[in-house]
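Visitor: Shown below is the structure under consideration.
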Amino acid sequence: MKSTSALLFASTILLSSPVAAAGPNVVASIKPVHSLVASIMQGVGEPSLIVEGAASPHTYNMKPSNAAALQAAKVVFWVGPGLEAFLDKPLDALSGGAKVVELGEAPGLEKLKFREGGAFEADDHGDEGHGEAHTDAGHGEEGHKHTEGEAEHDHAAAPEAATADDHAHEGHDHDHDGFDMHMWLDPQNARAMAAEIEKTLTEADPDNAAAYKANLDKFNQRLDSLDKSLTTTLAPVKDKPFIVFHDAYQYFEHRYQVRVAGSITVSPEVLPGAERLSQIHAKIKELGATCVFAEPQFEPKLINVVIEGTPAKSGTLDPEAATLDAGPDLYFQLMENIGTSLKTCLASAS
C-alpha cells in the first residue's frame with residue numbers, strides 16, 4: 001500500500017512539473033552558426049548541422065542527408081550566399097515552408113567591406129586611433145575607415161599584390177554587396193546574431209520563449225567574459241604583424257586591434273601562384289612579419305614556402321572551427337583558440 005501511495009505521489013509531482021515543449025526542427029549551416037543556435041536552444045532541442053567535421057563552406061558539396069534535413073526544417077540559419085554559396089539554390093528550392101534566416105543581415109551587425117588585395121598592410125603601421133572614427137592601424141592613410149553605426153570602409157587595393165589567379169573566383173568570402181562574411185569573429189556581431197536567433201525561435205516556438213530568453217542572457221554573459229579575456233590576452237602582441245592563409249580575420253583584427261599584414265590567398269579555394277608566394281615572402285621580410293598562419297582545411301606546405309629564409313614562425317588558425325566538436329561551447333573555444341594561437345606564436349617570435 002505504501003509503494004502504491006509513493007507511486008501516486010511521484011506521478012502527481014511529474015504531472016505538475018513544467019516540461020519544456022519539444023523544440024522546432026532547426027538546421028544550421030556551419031559550425032559557428034550551429035554553436036550560436038545550439039546555445040539559444042539548450043534545454044529545448046538540438047539543431048542539425050550541414051557542414052560537419054573538417055569540411056569547409058568554401059568547397060562543400062551538398063549530401064542527400066543535407067537536402068532531407070533542409071526539407072524537414074521549420075527554421076534554417078545561415079550566414080548568407082557570400083559564404084555558403086552551395087546553399088543558395090537548395091534554399092530557394094525548399095518546399096516545406098521553412099523560415100530561412102540570413103544572419104549576415106541581422107540587425108546590429110557591423111559589416112566590413114571585403115578586401116580585394118591579399119597584401120593589404122601599408123608600409124607605415126602608424127599610431128593613429130582606434131576610436132569610433134579612425135583609419136585602421138596597419139592599413140595606412142588609404143585603409144578602411146570605421147564610423148559609428150554602419151561602418152564605412154574605404155579599402156585601397158594593392159594592384160601589385162594581386163595575380164590573375166587571385167581574382168579567378170568571385171563570390172566567396174563576401175556577399176553581393178562586397179562585405180566580408182566572417183562576421184562571427186567579432187563577439188559583438190555574435191551578440192547581434194544570437195539576438196536574431198532568439199527572436200526567430202521565439203516567433204517559431206512561443207511555448208519555449210522563456211527558455212530562449214534565459215539562454216540568450218547566459219550567452220551574452222559568457223560573451224562579455226570572452227571579450228574581456230581576449231582583450232587581455234592579445235594586448236601584449238597586438239603591434240606585431242603577421243600573415244594569414246586567407247583574409248578571414250578582418251573582424252577579429254578590427255575588434256582587438258591586432259596587426260594582420262596580409263593574406264597568402266584572397267579566396268581559399270583558389271591556390272596562390274608562384275608570383276603571389278614571392279610577393280608574400282617579400283612582404284614578410286619588408287614588414288618583419290613574425291608569424292604566418294595556416295588553416296586546418298588547406299595546404300600547409302604553402303606556409304613553409306613563404307617563410308623559408310625568413311625569421312618568421314608558423315602557426316595555425318581555425319576561423320571556421322574545422323577541428324572542434326560541434327555544440328554550444330564551440331564558439332567560445334573557437335575564439336579562445338584564435339587568441340591563444342596568436343599570442344603563443346607572436347610572443348615567441350623575435
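Starting from 1 in every chain, residues are counted up; chains themselves are A, B, ... following the order of the C-alpha cells, and ligands are numbered from 1 as listed.
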Quick one: everything within 12 Å of Lys199 of chain A, counting only C-alpha atoms, minus sequence neighbours fewer than 3 positions away in the same chain. Send it as an NGL selection string.

Guide: :A and (37 or 40-41 or 75 or 101 or 103 or 106-107 or 192-196 or 202-206 or 208-213 or 215-216)

Visitor: Now that the selection is made, can you save its residues with C-alpha atoms as a PDB file, in the first residue's frame?

Guide:
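Here's the written file selection_21.pdb:
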```pdb
ATOM      1  CA  VAL A  37      21.844  28.357 -32.353  1.00  0.00           C
ATOM      2  CA  ILE A  40      19.968  29.526 -27.574  1.00  0.00           C
ATOM      3  CA  MET A  41      18.230  26.128 -27.885  1.00  0.00           C
ATOM      4  CA  VAL A  75      13.844  27.152 -39.412  1.00  0.00           C
ATOM      5  CA  VAL A 101      17.212  33.402 -41.705  1.00  0.00           C
ATOM      6  CA  LEU A 103      22.314  36.042 -40.148  1.00  0.00           C
ATOM      7  CA  ALA A 106      20.927  40.551 -38.610  1.00  0.00           C
ATOM      8  CA  PRO A 107      20.143  43.969 -37.087  1.00  0.00           C
ATOM      9  CA  ALA A 192      23.678  40.514 -32.741  1.00  0.00           C
ATOM     10  CA  MET A 193      23.352  37.128 -34.435  1.00  0.00           C
ATOM     11  CA  ALA A 194      22.300  35.436 -31.188  1.00  0.00           C
ATOM     12  CA  ALA A 195      19.629  38.092 -30.640  1.00  0.00           C
ATOM     13  CA  GLU A 196      18.238  37.427 -34.110  1.00  0.00           C
ATOM     14  CA  THR A 202      10.564  32.685 -30.115  1.00  0.00           C
ATOM     15  CA  GLU A 203       8.342  33.550 -33.079  1.00  0.00           C
ATOM     16  CA  ALA A 204       8.519  29.977 -34.408  1.00  0.00           C
ATOM     17  CA  ASP A 205       8.086  28.348 -30.985  1.00  0.00           C
ATOM     18  CA  PRO A 206       6.411  30.698 -28.481  1.00  0.00           C
ATOM     19  CA  ASN A 208       9.607  27.918 -25.245  1.00  0.00           C
ATOM     20  CA  ALA A 209      10.073  31.696 -25.332  1.00  0.00           C
ATOM     21  CA  ALA A 210      11.198  31.874 -21.687  1.00  0.00           C
ATOM     22  CA  ALA A 211      13.881  29.246 -22.250  1.00  0.00           C
ATOM     23  CA  TYR A 212      15.219  31.026 -25.334  1.00  0.00           C
ATOM     24  CA  LYS A 213      15.356  34.351 -23.480  1.00  0.00           C
ATOM     25  CA  ASN A 215      19.665  31.133 -22.795  1.00  0.00           C
ATOM     26  CA  LEU A 216      20.314  34.398 -24.615  1.00  0.00           C
TER      27      LEU A 216
END
```

Visitor: Considering only C-alpha atoms, can you say which of A:Asn220, A:Gly178, A:Pro90, A:Ala235 comes closest to Ala190 of chain A?

Guide: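 Ranked by minimum distance to Ala190 of chain A, first place goes to A:Asn220.
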
Visitor: Taking into account only C-alpha atoms, which residue in the set A:Val244, A:Ala69, A:Glu275, A:Asn337 is nearest to Ile303 of chain A?

Guide: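 For Ile303 of chain A, the nearest of the candidates is A:Val244.
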
Visitor: Looking at only C-alpha atoms, which of A:Ala294, A:Ala321, A:Val305, A:Leu91 is the one that sits closest to Ala55 of chain A?

Guide: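 Ranking A:Ala294, A:Ala321, A:Val305, A:Leu91 by distance to Ala55 of chain A, first place goes to A:Ala321.
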
Visitor: Of the candidates A:Phe245, A:Tyr251, A:Tyr331, A:Trp184, which one gets nearest to Val306 of chain A if we count only C-alpha atoms?

Guide: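 Checking each candidate against Val306 of chain A, we get A:Phe245 as the closest.
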
Visitor: List as number ranges by chain the protein and nucleic acid residues near Gln42 of chain A, meaning an atom at most 8 Å away when only C-alpha atoms are counted, but skip any in the same chain fewer than 3 places from it.

Guide: A: 38-39, 45-46, 215, 328

Visitor: Could you write those residues out with C-alpha atoms, as a compact mmCIF listing (two decimals), in the first residue's frame?

Guide:
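Wrote it out as result-v8.txt, contents follow:
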```txt
# COMPACT_ATOMS: atom_id res chain seq x y z
CA ALA A 38 22.66 25.46 -30.00
CA SER A 39 23.40 27.96 -27.23
CA GLY A 45 16.31 20.91 -28.65
CA GLU A 46 19.41 20.47 -30.79
CA ASN A 215 19.67 31.13 -22.79
CA PRO A 328 27.09 25.34 -27.73
```

Visitor: Which of these, A:Gly262, A:Pro81, A:Pro236, A:Gly23, has the shortest distance to Arg276 of chain A once you count only C-alpha atoms?

Guide: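 Among the listed residues, the smallest separation from Arg276 of chain A belongs to A:Gly262.
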
Visitor: Which one of A:Gly309, A:Gly104, A:Gly80, A:Gly327 sits closest to Pro47 of chain A if you count only C-alpha atoms?

Guide: A:Gly327

Visitor: Hey, what's within 12 Å of Thr340 of chain A if we count only C-alpha atoms and toss same-chain stuff fewer than 4 positions away? As a CSV table (one decimal) with N, CA and C atoms, in the first residue's frame, please?

Guide:
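Produced file selection16.csv, reproduced below:
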```csv
chain,number,residue,atom,x,y,z
A,229,SER,N,38.6,38.7,-21.8
A,229,SER,CA,39.7,37.8,-21.8
A,229,SER,C,40.6,37.9,-23.0
A,230,LEU,N,39.9,38.0,-24.2
A,230,LEU,CA,40.7,38.2,-25.4
A,230,LEU,C,41.4,39.5,-25.5
A,231,THR,N,40.8,40.5,-25.0
A,231,THR,CA,41.4,41.8,-25.0
A,231,THR,C,42.7,41.8,-24.1
A,232,THR,N,42.6,41.1,-23.0
A,232,THR,CA,43.8,41.0,-22.1
A,232,THR,C,44.9,40.1,-22.8
A,233,THR,N,44.4,39.0,-23.4
A,233,THR,CA,45.4,38.0,-24.0
A,233,THR,C,46.2,38.7,-25.1
A,234,LEU,N,45.5,39.5,-25.9
A,234,LEU,CA,46.2,40.0,-27.1
A,234,LEU,C,46.9,41.3,-26.9
A,235,ALA,N,46.6,42.0,-25.8
A,235,ALA,CA,47.2,43.3,-25.6
A,235,ALA,C,48.8,43.3,-25.8
A,237,VAL,N,50.7,41.6,-27.7
A,237,VAL,CA,51.2,41.2,-29.0
A,237,VAL,C,50.5,42.0,-30.2
A,315,GLY,N,52.2,29.0,-37.5
A,315,GLY,CA,51.2,28.6,-36.6
A,315,GLY,C,49.9,28.2,-37.3
A,316,THR,N,48.9,27.9,-36.6
A,316,THR,CA,47.6,27.6,-37.2
A,316,THR,C,46.4,28.3,-36.6
A,317,LEU,N,45.5,28.8,-37.4
A,317,LEU,CA,44.3,29.5,-37.0
A,317,LEU,C,43.1,28.7,-37.7
A,318,ASP,N,42.0,28.7,-37.0
A,318,ASP,CA,40.9,27.9,-37.4
A,318,ASP,C,39.6,28.7,-37.3
A,333,GLN,N,35.3,28.3,-27.7
A,333,GLN,CA,36.5,27.6,-27.9
A,333,GLN,C,37.2,28.1,-29.1
A,334,LEU,N,36.4,28.3,-30.2
A,334,LEU,CA,37.0,28.9,-31.4
A,334,LEU,C,37.7,30.2,-31.2
A,335,MET,N,37.0,31.1,-30.5
A,335,MET,CA,37.6,32.5,-30.3
A,335,MET,C,38.8,32.4,-29.4
A,336,GLU,N,38.7,31.6,-28.3
A,336,GLU,CA,39.8,31.5,-27.4
A,336,GLU,C,41.0,30.9,-28.1
A,344,THR,N,50.7,32.9,-28.6
A,344,THR,CA,51.7,31.9,-28.5
A,344,THR,C,52.8,32.1,-29.6
A,345,CYS,N,52.4,32.3,-30.8
A,345,CYS,CA,53.3,32.4,-31.9
A,345,CYS,C,54.0,33.8,-31.9
A,346,LEU,N,53.2,34.8,-31.7
A,346,LEU,CA,53.7,36.2,-31.8
A,346,LEU,C,54.6,36.5,-30.6
A,347,ALA,N,54.3,36.0,-29.4
A,347,ALA,CA,55.1,36.3,-28.2
A,347,ALA,C,56.5,35.5,-28.3
```

Visitor: Can you measure atom CA of Ala21 of chain A to atom CA of Ala73 of chain A for me? One decimal in Å is fine.

Guide: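 According to the coordinates, atom CA of Ala21 of chain A and atom CA of Ala73 of chain A are separated by 17.0 Å.
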